[in-house]
6 protein chains.
Amino acid sequence: MFKHDKKLLHDVKVDGPNPNYAALLQEQLGGPQGELKAALQYLSQSLRIKDPEIKDLFLDVAAEEMSHFEMVAETVNLLNGHVLDAANATVGSVEAHVLTGLTPMLANASGYLWTAAYVNETGDLAADILSDIAAEQRAKVVYEYLYRQISDKGVRETIDFLLNREEAHNAMFREAFNRIQDTGSQKDYGATVDSRIYFDLSHPGGQSFDPGHAHAPSFNPPS
Amino acid sequence: MFKHDKKLLHDVKVDGPNPNYAALLQEQLGGPQGELKAALQYLSQSLRIKDPEIKDLFLDVAAEEMSHFEMVAETVNLLNGHVLDAANATVGSVEAHVLTGLTPMLANASGYLWTAAYVNETGDLAADILSDIAAEQRAKVVYEYLYRQISDKGVRETIDFLLNREEAHNAMFREAFNRIQDTGSQKDYGATVDSRIYFDLSHPGGQSFDPGHAHAPSFNPPS
Amino acid sequence: MFKHDKKLLHDVKVDGPNPNYAALLQEQLGGPQGELKAALQYLSQSLRIKDPEIKDLFLDVAAEEMSHFEMVAETVNLLNGHVLDAANATVGSVEAHVLTGLTPMLANASGYLWTAAYVNETGDLAADILSDIAAEQRAKVVYEYLYRQISDKGVRETIDFLLNREEAHNAMFREAFNRIQDTGSQKDYGATVDSRIYFDLSHPGGQSFDPGHAHAPSFNPPS
Amino acid sequence: MFKHDKKLLHDVKVDGPNPNYAALLQEQLGGPQGELKAALQYLSQSLRIKDPEIKDLFLDVAAEEMSHFEMVAETVNLLNGHVLDAANATVGSVEAHVLTGLTPMLANASGYLWTAAYVNETGDLAADILSDIAAEQRAKVVYEYLYRQISDKGVRETIDFLLNREEAHNAMFREAFNRIQDTGSQKDYGATVDSRIYFDLSHPGGQSFDPGHAHAPSFNPPS
Amino acid sequence: MFKHDKKLLHDVKVDGPNPNYAALLQEQLGGPQGELKAALQYLSQSLRIKDPEIKDLFLDVAAEEMSHFEMVAETVNLLNGHVLDAANATVGSVEAHVLTGLTPMLANASGYLWTAAYVNETGDLAADILSDIAAEQRAKVVYEYLYRQISDKGVRETIDFLLNREEAHNAMFREAFNRIQDTGSQKDYGATVDSRIYFDLSHPGGQSFDPGHAHAPSFNPPS
Amino acid sequence: MFKHDKKLLHDVKVDGPNPNYAALLQEQLGGPQGELKAALQYLSQSLRIKDPEIKDLFLDVAAEEMSHFEMVAETVNLLNGHVLDAANATVGSVEAHVLTGLTPMLANASGYLWTAAYVNETGDLAADILSDIAAEQRAKVVYEYLYRQISDKGVRETIDFLLNREEAHNAMFREAFNRIQDTGSQKDYGATVDSRIYFDLSHPGGQSFDPGHAHAPSFNPPS
């Protein structure tokens with residue numbers, strides 16, 4: 001069951017309206033590395049997890065990502081301001097000015113609608129956690145790109161918080177991965193000699209990466 | 001520049017036509033964990049890589065995935081046989097019988113058309129390699145699912161080969177990750193206290209995962 | 001902020017596994033009239049609502065729809081059972097058997113991935129509530145179709161509950177509409193004579209519907 | 001059978017070319033609340049309607065929406081002018097300048113291609129008419145947004161006409177709804193006590209909307 | 001302006017209900033080579049054509065394709081029959097039984113929703129007519145595939161009629177192409193030596209096709 | 001099997017960075033008439049071709065289009081430069097600045113993600129070649145539009161080369177078509193009187209195109 005608390009997970013504010021930056025920030029609402037994708041990926045994956053602690057982790061993070069979604073949405077809302085002015089919406093999607101009456105939208109910065117094609121779920125916990133570690137890293141990269149391109153202090157604080165949270169999730173998913181790293185698709189299923197070949201198909205450029213080790217990936221324990 | 005050799009990377013054969021299994025195997029042609037996605041993800045990511053060895057790796061693997069695409073396509077082709085018979089195509093997509101004249105198609109097992117929404121690229125090498133490690137793991141899982149559901153020996157041999165190759169790529173991407181793990185989005189960008197909080201938002205279920213360590217992920221060196 | 005309670009809003013159970021029906025029920029997870037669409041439509045629309053009571057209503061219902069999503073997902077999960085058996089998945093999408101390892105998925109009964117194109121939001125409260133009344137009615141119709149085609153008692157109980165809840169939401173949205181019916185796009189904006197013409201463009205068949213009344217729609221008060 | 005008359009339903013003109021506004025107006029050609037969606041929704045729904053008068057209404061309106069589509073397309077055409085100049089196409093989609101040679105396109109203002117995901121049809125007349133009332137209201141809202149952002153007199157006249165026509169359709173659909181309001185999904189199917197509960201899931205904020213009345217919605221008779 | 005006549009362009013009938021074949025026939029309603037695509041492609045392209053006779057041709061054919069759409073839809077309708085029975089809908093999309101209440105839908109045989117990505121328009125008449133000749137040929141091929149797989153006499157008559165009409169359109173578009181073949185993109189724009197090279201990139205297999213002639217394509221005059 | 005050569009098929013260079021034009025040029029990477037579509041269409045179609053010379057042609061051209069893809073991608077890369085600056089990315093998609101870190105992307109100029117809906121394949125060689133002739137012509141038109149809107153000499157040289165290559169492919173496909181023009185869907189299948197009717201459905205405007213000749217299309221031999 002989901003419950004909602006009208007208090008945001010973390011307050012947001014903006015120095016002032018900035019419709020063009022609102023369009024950019026949409027990327028993290030409705031883009032492939034955004035909060036909606038994260039929330040729905042973890043929620044979907046959680047549905048079949050048996051380990052209660054890991055299931056709890058996925059649901060904690062899914063609920064937090066939904067809460068991030070709210071924070072980003074509210075920031076976009078504030079940046080959109082109160083004036084429909086498509087003529088000056090010269091960067092990215094213009095939908096806020098013609099379709100949604102300045103309401104945030106489930107689309108990326110260029111107006112591409114959110115699609116479940118962004119969500120990866122396999123029913124294999126190891127593969128799913130690796131997907132999530134990668135997803136958090138990508139989300140962090142996008143927030144870094146967005147951070148660099150805004151001077152509004154309120155927005156910067158919010159992005160800084162969210163970026164740190166992706167880092168936290170990343171650490172937690174890594175810890176979870178270490179716990180289950182000898183299970184599921186990480187188990188040795190009997191790799192053959194084919195897993196130790198290197199096909200050198202792009203020329204020039206020899207072989208620099210050793211495919212000989214088909215060992216399961218793992219993350220260093222916290223030092 | 002791409003060159004094509006009419007010899008397949010690895011021969012394929014099938015015991016006999018099996019249109020329903022052909023539909024299933026489409027998943028790895030045109031699905032989110034399939035060969036086209038892999039090839040185009042690595043090719044796209046390679047476009048801005050500066051490290052020549054890693055760029056070479058990405059292009060070697062991209063060319064190999066294109067070659068896998070061909071192997072899967074040829075297998076689907078053989079499994080489709082030579083008779084349009086939609087009435088007996090009771091599993092998954094029916095497009096081979098009404099649209100493509102039994103030619104393999106850029107769609108998944110249920111007929112959903114391939115979309116670039118499956119492709120992740122960020123311009124950050126660490127994030128991209130993590131995406132690729134996860135992608136290879138997911139591809140392997142799907143091949144395992146497909147392997148379990150077919151007794152055709154020719155198909156099994158092909159899937160076994162491809163599965164081992166995903167494992168090989170996984171090992172190579174892990175090695176690449178270890179080489180660059182202190183760069184780009186892996187660098188300490190100044191994580192704040194926010195990265196060490198755990199929001200316990202799903203109840204009951206306490207905190208079992210320690211978010212205190214916002215250290216960069218890494219893969220154990222080959223032992 | 002969203003919080004999650006591991007207890008479902010309403011318990012679900014099934015008489016036994018039924019993978020084909022699991023595929024059908026996916027329609028209400030990831031289809032256009034399903035629970036994800038409802039939750040995200042109300043949540044998105046709520047972002048700019050000013051009236052605190054109506055905003056609260058939208059958030060109450062959004063959280064409930066997310067909770068329905070969980071109920072449907074858990075039911076699909078149980079119906080999927082524990083055996084990958086694509087060969088006998090002869091109805092609808094086959095993705096559970098080749099892609100998601102029997103985990104429910106953000107797609108409809110035929111495997112079409114969920115898209116934000118299903119979500120309507122306009123920033124105009126009257127238009128949004130009318131959209132929601134229609135959405136609830138459509139959701140109810142789909143549940144009726146699904147109810148008729150299953151004899152599993154557990155599934156029927158769950159559908160019956162959900163169907164009644166759509167009815168409840170419908171009643172609440174109607175009440176909300178009555179409260180705001182002279183505002184926003186419901187206001188007389190100065191309709192011209194053009195709003196009273198009937199273009200009789202399909203022949204034969206005269207004019208039976210009087211376009212002369214461009215009055216605002218309203219719902220009868222509860223009698 | 002459809003027949004075409006080269007005379008527009010209503011003449012259109014523009015004061016002069018305005019490629020940026022052409023991009024905006026694309027929203028009502030190929031967007032979710034646009035004319036193509038309306039035409040195809042009503043046409044699709046009409047296919048299974050039995051009541052001859054209502055079927056006639058749907059086909060009259062579908063043909064009119066196709067005729068509106070032509071009017072909007074011709075207006076976009078005139079606004080696009082005769083010069084490919086992508087560098088100055090700074091608002092919304094740039095496809096007219098690189099892909100379509102200034103021809104209007106089945107996409108929204110930001111270039112998202114039209115998708116049948118916008119079309120709702122359920123086979124239940126009550127649900128379909130409610131969908132249509134909501135669709136007309138949303139279309140009206142978008143036209144109002146577009147009207148406010150253009151001073152070109154020709155464009156304003158065309159939008160004013162179209163806006164009034166949506167209002168007319170809205171009135172006709174309401175009248176149709178009143179005629180069938182005790183049928184199909186509007187009938188009492190035996191609502192249970194579950195339809196009278198209010199789940200207060202967003203806090204703070206109590207219950208202000210009474211879910212106790214699961215009565216069928218209806219529209220006030222013209223007064 | 002579009003007008004509708006309730007008489008079909010050509011009567012349709014079926015020997016009896018056949019829900020699985022109804023799903024297959026959906027391909028020509030909402031698939032890439034179907035009637036909706038044809039109608040909207042020709043209508044879109046017509047919007048900027050200046051030659052009045054060719055514009056008239058495009059509009060004649062667009063209106064006819066809309067009329068074909070109706071014929072196919074009515075046939076799907078009859079084949080769907082009157083019983084929701086998803087359990088026996090074992091071929092292709094199952095949406096008619098869970099979503100649309102047996103109403104035809106804007107999707108292909110496997111349930112993929114129609115998308116404007118199917119529509120090609122360039123603003124260049126020569127390119128557009130070549131696209132249309134190819135589109136008609138593909139439509140014919142799909143109808144042939146569908147024809148072979150049904151013994152219902154009513155359906156066969158309808159497909160035979162439609163197939164002949166695609167042939168007629170093909171002939172008309174070829175005639176139109178011959179008229180304009182020295183204009184637009186057919187004109188010699190100053191091809192360089194690069195247009196006469198053959199890159200022999202797939203081995204083994206030499207060069208059998210002479211790229212030396214960059215002459216404009218043309219169609220033989222009727223003999 | 002695909003092999004990659006790090007040398008481009010033809011060198012590319014740019015006079016200097018030009019992020020807005022980079023966005024425009026994306027059209028030919030990830031748009032409907034772009035290089036990825038061409039490569040994947042010919043590769044897909046080739047899978048079931050039996051004639052060895054025509055199969056070789058398709059694979060030669062597919063490999064060349066993949067090589068063009070690389071050239072366009074490298075050009076976009078150079079035009080994107082090295083500075084994330086979304087605020088000045090006022091034309092088309094802004095994804096390079098927020099999502100991909102200036103890496104080229106599988107999307108068109110306005111950010112619409114590449115979809116396999118662009119790819120036509122029918123299993124009928126005549127229909128496929130006609131599709132390819134049309135595709136090459138459309139690609140040429142888009143390159144002409146792009147050429148006109150850039151003065152950068154390096155870019156112009158690259159576009160000129162690519163445009164000439166589309167012309168070369170066009171010539172080769174026409175020659176292929178002439179070889180197979182009495183086969184497959186080109187054969188007389190017994191056209192009826194229905195193929196010789198003209199439905200004059202758009203008024204005013206009589207019949208100017210003679211549908212009486214259902215002869216197979218053909219291309220004039222090189223003169």
# chains A, B, ... in the order shown; residues from 1 in each chain; ligands from 1
$ residues_around --residues "range 57-70 of chain D" --least-positions-apart "5" --cutoff "8 Å" --atoms "only C-alpha atoms" --output "list in words"
Phe199, Asp200, Leu201, Ser202, Gln207, Ser208 and Phe209 of chain C; Leu8, Leu9, Leu29, Glu35, Leu36, Ala38, Ala39, Leu40, Gln41, Tyr42, Leu43, Gln45, Ser46, Leu162 and His169 of chain D; Met1, Phe2, Lys3 and His4 of chain E
$ residues_around --residues "Thr90 in chain A" --least-positions-apart "5" --cutoff "8 Å" --atoms "only C-alpha atoms" --output "number ranges by chain"
A: 20; D: 90-92; F: 90-91
$ residues_around --residues "Gln28 in chain F" --least-positions-apart "3" --cutoff "10 Å" --atoms "only C-alpha atoms" --output "PyMOL selection string"
(chain D and resi 98-99) or (chain F and resi 24-25+31-38+68-69+72-73+106-109+139+142-143+146)
$ write_last_selection --atoms "N, CA, C and O atoms" --output "compact mmCIF listing (two decimals), in the first residue's frame"
# COMPACT_ATOMS: atom_id res chain seq x y z
N VAL D 98 13.59 20.21 -41.96
CA VAL D 98 14.58 19.21 -42.38
C VAL D 98 13.96 17.94 -42.95
O VAL D 98 14.61 17.22 -43.68
N LEU D 99 12.72 17.68 -42.62
CA LEU D 99 12.13 16.40 -43.06
C LEU D 99 11.00 16.56 -44.06
O LEU D 99 10.95 15.83 -45.05
N LEU F 24 20.31 19.47 -36.05
CA LEU F 24 19.63 19.25 -37.34
C LEU F 24 20.15 17.99 -38.03
O LEU F 24 19.38 17.18 -38.56
N LEU F 25 21.46 17.85 -38.04
CA LEU F 25 22.05 16.72 -38.76
C LEU F 25 21.68 15.37 -38.12
O LEU F 25 21.70 14.33 -38.78
N GLY F 31 16.63 9.64 -37.85
CA GLY F 31 15.31 9.97 -38.38
C GLY F 31 14.83 8.93 -39.37
O GLY F 31 15.56 7.98 -39.71
N PRO F 32 13.60 9.09 -39.87
CA PRO F 32 12.98 8.08 -40.75
C PRO F 32 13.67 7.92 -42.10
O PRO F 32 13.50 6.89 -42.75
N GLN F 33 14.39 8.95 -42.53
CA GLN F 33 15.09 8.83 -43.82
C GLN F 33 16.60 8.76 -43.60
O GLN F 33 17.38 9.01 -44.52
N GLY F 34 17.00 8.39 -42.39
CA GLY F 34 18.40 8.46 -42.04
C GLY F 34 19.17 7.17 -42.32
O GLY F 34 18.65 6.18 -42.83
N GLU F 35 20.44 7.21 -41.95
CA GLU F 35 21.36 6.13 -42.29
C GLU F 35 21.07 4.85 -41.51
O GLU F 35 21.22 3.74 -42.03
N LEU F 36 20.66 4.98 -40.25
CA LEU F 36 20.38 3.77 -39.46
C LEU F 36 19.20 3.03 -40.06
O LEU F 36 19.21 1.80 -40.20
N LYS F 37 18.17 3.76 -40.41
CA LYS F 37 17.00 3.15 -41.04
C LYS F 37 17.41 2.42 -42.32
O LYS F 37 17.04 1.26 -42.53
N ALA F 38 18.19 3.08 -43.15
CA ALA F 38 18.60 2.48 -44.41
C ALA F 38 19.37 1.18 -44.15
O ALA F 38 19.05 0.12 -44.70
N HIS F 68 28.05 5.03 -43.52
CA HIS F 68 27.54 6.40 -43.57
C HIS F 68 27.09 6.85 -42.18
O HIS F 68 27.31 8.00 -41.78
N PHE F 69 26.43 5.95 -41.50
CA PHE F 69 26.00 6.24 -40.13
C PHE F 69 27.18 6.76 -39.31
O PHE F 69 27.08 7.77 -38.61
N VAL F 72 28.14 10.33 -40.46
CA VAL F 72 27.22 11.35 -39.95
C VAL F 72 27.43 11.52 -38.45
O VAL F 72 27.48 12.65 -37.93
N ALA F 73 27.60 10.40 -37.75
CA ALA F 73 27.79 10.47 -36.30
C ALA F 73 29.05 11.25 -35.96
O ALA F 73 29.05 12.09 -35.06
N LEU F 106 20.54 8.14 -31.14
CA LEU F 106 19.66 7.49 -32.11
C LEU F 106 18.28 8.16 -32.08
O LEU F 106 17.28 7.55 -31.68
N ALA F 107 18.25 9.40 -32.51
CA ALA F 107 17.00 10.16 -32.51
C ALA F 107 17.07 11.17 -33.64
O ALA F 107 18.15 11.45 -34.17
N ASN F 108 15.90 11.70 -34.01
CA ASN F 108 15.91 12.68 -35.11
C ASN F 108 16.24 14.09 -34.61
O ASN F 108 16.57 14.27 -33.42
N ALA F 109 16.12 15.07 -35.48
CA ALA F 109 16.50 16.44 -35.15
C ALA F 109 15.70 17.02 -33.99
O ALA F 109 16.15 17.91 -33.30
N ALA F 139 15.86 10.00 -48.73
CA ALA F 139 17.11 10.35 -48.04
C ALA F 139 17.81 11.48 -48.77
O ALA F 139 18.33 12.42 -48.16
N VAL F 142 16.13 14.82 -48.02
CA VAL F 142 16.49 15.36 -46.71
C VAL F 142 17.90 15.92 -46.74
O VAL F 142 18.17 17.01 -46.20
N TYR F 143 18.83 15.23 -47.40
CA TYR F 143 20.19 15.77 -47.50
C TYR F 143 20.20 17.10 -48.26
O TYR F 143 20.96 18.00 -47.94
N LEU F 146 19.15 19.73 -45.87
CA LEU F 146 20.21 20.03 -44.91
C LEU F 146 21.35 20.80 -45.55
O LEU F 146 21.95 21.68 -44.94
$ interface_residues --of "chain F" --to "chain E" --cutoff "7 Å" --atoms "only C-alpha atoms" --output "compact mmCIF listing (two decimals) with N, CA, C and O atoms, in the first residue's frame"
# COMPACT_ATOMS: atom_id res chain seq x y z
N GLU F 53 23.25 -12.60 -56.21
CA GLU F 53 23.76 -11.29 -56.60
C GLU F 53 22.98 -10.16 -55.93
O GLU F 53 23.55 -9.16 -55.51
N ASP F 56 23.90 -10.03 -52.32
CA ASP F 56 25.19 -9.35 -52.19
C ASP F 56 25.02 -7.83 -52.30
O ASP F 56 25.61 -7.08 -51.53
N LEU F 59 23.64 -6.48 -49.10
CA LEU F 59 24.62 -6.48 -48.00
C LEU F 59 25.72 -5.46 -48.23
O LEU F 59 26.20 -4.83 -47.28
N ASP F 60 26.12 -5.27 -49.49
CA ASP F 60 27.07 -4.20 -49.80
C ASP F 60 26.50 -2.84 -49.37
O ASP F 60 27.19 -2.04 -48.74
N ALA F 63 26.10 -2.49 -45.48
CA ALA F 63 27.39 -2.19 -44.85
C ALA F 63 27.80 -0.75 -45.15
O ALA F 63 28.36 -0.05 -44.28
N GLU F 64 27.51 -0.30 -46.36
CA GLU F 64 27.86 1.09 -46.67
C GLU F 64 27.02 2.06 -45.84
O GLU F 64 27.53 3.08 -45.35
N ALA F 117 9.58 1.07 -36.57
CA ALA F 117 8.41 1.36 -37.41
C ALA F 117 8.83 2.02 -38.72
O ALA F 117 8.05 2.04 -39.68
N TYR F 118 10.05 2.55 -38.76
CA TYR F 118 10.54 3.15 -40.01
C TYR F 118 10.93 2.09 -41.04
O TYR F 118 11.09 2.41 -42.22
N THR F 122 8.95 -7.03 -46.43
CA THR F 122 7.75 -7.79 -46.75
C THR F 122 8.03 -9.24 -47.14
O THR F 122 7.09 -10.01 -47.33
N ALA F 127 8.53 -5.76 -53.91
CA ALA F 127 8.03 -4.73 -53.00
C ALA F 127 9.17 -4.13 -52.19
O ALA F 127 9.21 -2.91 -51.96
N LEU F 130 11.23 -1.72 -54.40
CA LEU F 130 10.50 -0.46 -54.58
C LEU F 130 10.57 0.40 -53.32
O LEU F 130 10.72 1.62 -53.38
N SER F 131 10.46 -0.26 -52.16
CA SER F 131 10.59 0.48 -50.90
C SER F 131 11.96 1.14 -50.79
O SER F 131 12.10 2.26 -50.28
N ALA F 134 12.40 4.17 -53.11
CA ALA F 134 11.72 5.32 -52.50
C ALA F 134 12.51 5.84 -51.30
O ALA F 134 12.64 7.06 -51.10
N GLN F 137 15.41 7.89 -52.41
CA GLN F 137 14.99 9.20 -52.92
C GLN F 137 14.65 10.15 -51.76
O GLN F 137 15.01 11.33 -51.78
N ARG F 138 13.99 9.63 -50.75
CA ARG F 138 13.65 10.48 -49.60
C ARG F 138 14.91 10.92 -48.85
O ARG F 138 15.01 12.07 -48.41
N VAL F 141 16.40 13.77 -50.62
CA VAL F 141 15.67 15.01 -50.40
C VAL F 141 16.05 15.64 -49.06
O VAL F 141 16.30 16.85 -48.96
N PHE F 161 28.89 14.15 -50.62
CA PHE F 161 29.29 12.76 -50.83
C PHE F 161 28.11 11.81 -50.55
O PHE F 161 27.80 10.92 -51.35
N ASN F 164 25.37 11.92 -53.14
CA ASN F 164 25.75 11.19 -54.35
C ASN F 164 25.68 9.68 -54.14
O ASN F 164 25.33 8.93 -55.06
N ARG F 165 25.99 9.26 -52.95
CA ARG F 165 25.90 7.82 -52.69
C ARG F 165 24.45 7.34 -52.69
O ARG F 165 24.16 6.22 -53.14
N GLU F 167 22.22 8.52 -54.49
CA GLU F 167 21.92 8.46 -55.91
C GLU F 167 22.47 7.16 -56.51
O GLU F 167 21.81 6.49 -57.31
N ALA F 168 23.67 6.81 -56.12
CA ALA F 168 24.27 5.57 -56.62
C ALA F 168 23.44 4.36 -56.21
O ALA F 168 23.15 3.46 -57.01
N HIS F 169 23.04 4.34 -54.94
CA HIS F 169 22.23 3.20 -54.47
C HIS F 169 20.92 3.14 -55.25
O HIS F 169 20.42 2.07 -55.59
N ALA F 171 20.36 4.07 -58.25
CA ALA F 171 20.62 3.49 -59.57
C ALA F 171 20.78 1.97 -59.49
O ALA F 171 20.25 1.22 -60.32
N MET F 172 21.48 1.51 -58.47
CA MET F 172 21.68 0.07 -58.33
C MET F 172 20.38 -0.66 -58.00
O MET F 172 20.11 -1.74 -58.53
N GLU F 175 18.37 -0.97 -61.11
CA GLU F 175 18.87 -2.05 -61.97
C GLU F 175 18.42 -3.41 -61.42
O GLU F 175 18.00 -4.29 -62.17
N SER F 185 5.47 -10.17 -56.41
CA SER F 185 4.27 -9.34 -56.45
C SER F 185 4.13 -8.58 -57.76
O SER F 185 3.12 -7.92 -57.99
N ALA F 191 -5.57 -9.84 -62.23
CA ALA F 191 -6.29 -8.64 -61.84
C ALA F 191 -7.68 -8.65 -62.45
O ALA F 191 -7.88 -9.10 -63.58
N THR F 192 -8.65 -8.19 -61.70
CA THR F 192 -10.04 -8.18 -62.17
C THR F 192 -10.40 -6.79 -62.66
O THR F 192 -9.59 -5.86 -62.61
N ASP F 194 -12.04 -4.75 -61.20
CA ASP F 194 -11.94 -3.78 -60.10
C ASP F 194 -10.66 -2.96 -60.16
O ASP F 194 -10.60 -1.85 -59.62
N SER F 195 -9.65 -3.51 -60.79
CA SER F 195 -8.39 -2.77 -60.84
C SER F 195 -8.40 -1.71 -61.93
O SER F 195 -7.41 -1.02 -62.12
N ARG F 196 -9.50 -1.60 -62.63
CA ARG F 196 -9.54 -0.62 -63.72
C ARG F 196 -10.57 0.49 -63.49
O ARG F 196 -10.88 1.25 -64.38
N PHE F 199 -12.30 5.73 -58.69
CA PHE F 199 -13.30 6.31 -57.80
C PHE F 199 -12.99 7.79 -57.64
O PHE F 199 -11.97 8.17 -57.07
N ASP F 200 -13.87 8.59 -58.19
CA ASP F 200 -13.66 10.04 -58.18
C ASP F 200 -14.30 10.60 -56.92
O ASP F 200 -15.43 11.10 -56.95
N LEU F 201 -13.58 10.56 -55.79
CA LEU F 201 -14.20 10.86 -54.49
C LEU F 201 -13.93 12.26 -53.96
O LEU F 201 -14.50 12.66 -52.96
N SER F 202 -13.05 13.00 -54.61
CA SER F 202 -12.78 14.37 -54.17
C SER F 202 -13.30 15.34 -55.23
O SER F 202 -12.91 15.24 -56.41
N GLY F 205 -13.07 18.08 -59.53
CA GLY F 205 -11.84 17.47 -60.02
C GLY F 205 -12.18 16.13 -60.61
O GLY F 205 -12.50 15.21 -59.88
N SER F 208 -8.19 12.21 -64.10
CA SER F 208 -7.10 12.49 -65.04
C SER F 208 -6.10 11.36 -65.12
O SER F 208 -5.19 11.39 -65.93
N PHE F 209 -6.23 10.41 -64.26
CA PHE F 209 -5.25 9.33 -64.21
C PHE F 209 -5.92 8.02 -64.56
O PHE F 209 -6.91 7.65 -63.96
N ASP F 210 -5.36 7.38 -65.50
CA ASP F 210 -5.98 6.18 -66.06
C ASP F 210 -5.60 4.94 -65.25
O ASP F 210 -4.44 4.54 -65.25
N PRO F 211 -6.55 4.38 -64.54
CA PRO F 211 -6.24 3.19 -63.75
C PRO F 211 -6.35 1.91 -64.57
O PRO F 211 -6.28 0.82 -64.02
N HIS F 213 -4.48 0.40 -66.54
CA HIS F 213 -3.30 -0.40 -66.83
C HIS F 213 -2.70 -0.94 -65.56
O HIS F 213 -1.90 -0.27 -64.91
N ALA F 214 -3.05 -2.14 -65.22
CA ALA F 214 -2.49 -2.73 -64.00
C ALA F 214 -1.18 -3.44 -64.29
O ALA F 214 -0.85 -4.44 -63.69
N PRO F 217 5.12 -2.13 -62.73
CA PRO F 217 6.00 -0.99 -62.94
C PRO F 217 7.37 -1.46 -63.41
O PRO F 217 7.79 -2.57 -63.11
N SER F 218 8.03 -0.64 -64.14
CA SER F 218 9.41 -0.98 -64.49
C SER F 218 10.19 0.30 -64.68
O SER F 218 9.63 1.38 -64.77
N PHE F 219 11.48 0.17 -64.68
CA PHE F 219 12.32 1.34 -64.85
C PHE F 219 12.98 1.29 -66.22
O PHE F 219 13.42 0.23 -66.66
N ASN F 220 12.99 2.43 -66.88
CA ASN F 220 13.64 2.48 -68.19
C ASN F 220 15.08 2.01 -68.08
O ASN F 220 15.78 2.34 -67.14
N PRO F 222 18.92 2.10 -68.76
CA PRO F 222 19.81 3.25 -68.92
C PRO F 222 19.92 3.63 -70.39
O PRO F 222 20.10 2.75 -71.25
$ residues_around --residues "Asp152 in chain A" --least-positions-apart "4" --cutoff "7 Å" --atoms "only C-alpha atoms" --output "MDAnalysis selection string"
chainID A and resid 14:15 156
$ write_last_selection --atoms "N, CA and C atoms" --output "tab-separated table (two decimals), in the first residue's frame"
chain	number	residue	atom	x	y	z
A	14	VAL	N	13.06	27.85	-5.66
A	14	VAL	CA	13.79	28.37	-6.81
A	14	VAL	C	13.96	29.86	-6.61
A	15	ASP	N	15.01	30.42	-7.19
A	15	ASP	CA	15.22	31.86	-7.09
A	15	ASP	C	14.15	32.60	-7.89
A	156	ARG	N	20.02	24.49	-7.51
A	156	ARG	CA	21.30	23.81	-7.24
A	156	ARG	C	21.24	22.98	-5.96
$ atom_distance --atom1 "CA of Arg148 in chain B" --atom2 "CA of Asn80 in chain C"
17.1 Å
$ select_by_dssp --residues "range 61-129 of chain A" --states "alpha helix (DSSP H)" --output "ChimeraX atom specification"
/A:61-80,95-98,125-129
$ write_last_selection --atoms "C-alpha atoms" --output "compact mmCIF listing (two decimals), in the first residue's frame"
# COMPACT_ATOMS: atom_id res chain seq x y z
CA VAL A 61 14.22 3.15 -2.67
CA ALA A 62 11.16 2.95 -4.95
CA ALA A 63 9.16 5.04 -2.49
CA GLU A 64 12.03 7.47 -2.22
CA GLU A 65 12.27 7.81 -6.00
CA MET A 66 8.54 8.54 -6.15
CA SER A 67 9.27 11.20 -3.55
CA HIS A 68 12.10 12.55 -5.70
CA PHE A 69 9.69 12.60 -8.62
CA GLU A 70 7.52 14.92 -6.54
CA MET A 71 10.48 17.15 -5.72
CA VAL A 72 11.55 17.46 -9.33
CA ALA A 73 7.97 18.03 -10.42
CA GLU A 74 7.47 20.78 -7.88
CA THR A 75 10.71 22.42 -8.99
CA VAL A 76 9.64 22.30 -12.63
CA ASN A 77 6.33 23.77 -11.52
CA LEU A 78 8.01 26.71 -9.84
CA LEU A 79 10.37 27.26 -12.75
CA ASN A 80 7.47 27.22 -15.20
CA GLU A 95 4.39 21.34 -24.41
CA ALA A 96 4.07 23.18 -21.11
CA HIS A 97 2.88 26.22 -23.04
CA VAL A 98 0.44 24.59 -25.41
CA LEU A 125 18.14 -10.50 -8.85
CA ALA A 126 21.80 -10.20 -9.81
CA ALA A 127 20.98 -8.84 -13.24
CA ASP A 128 18.40 -6.49 -11.76
CA ILE A 129 20.78 -5.05 -9.16
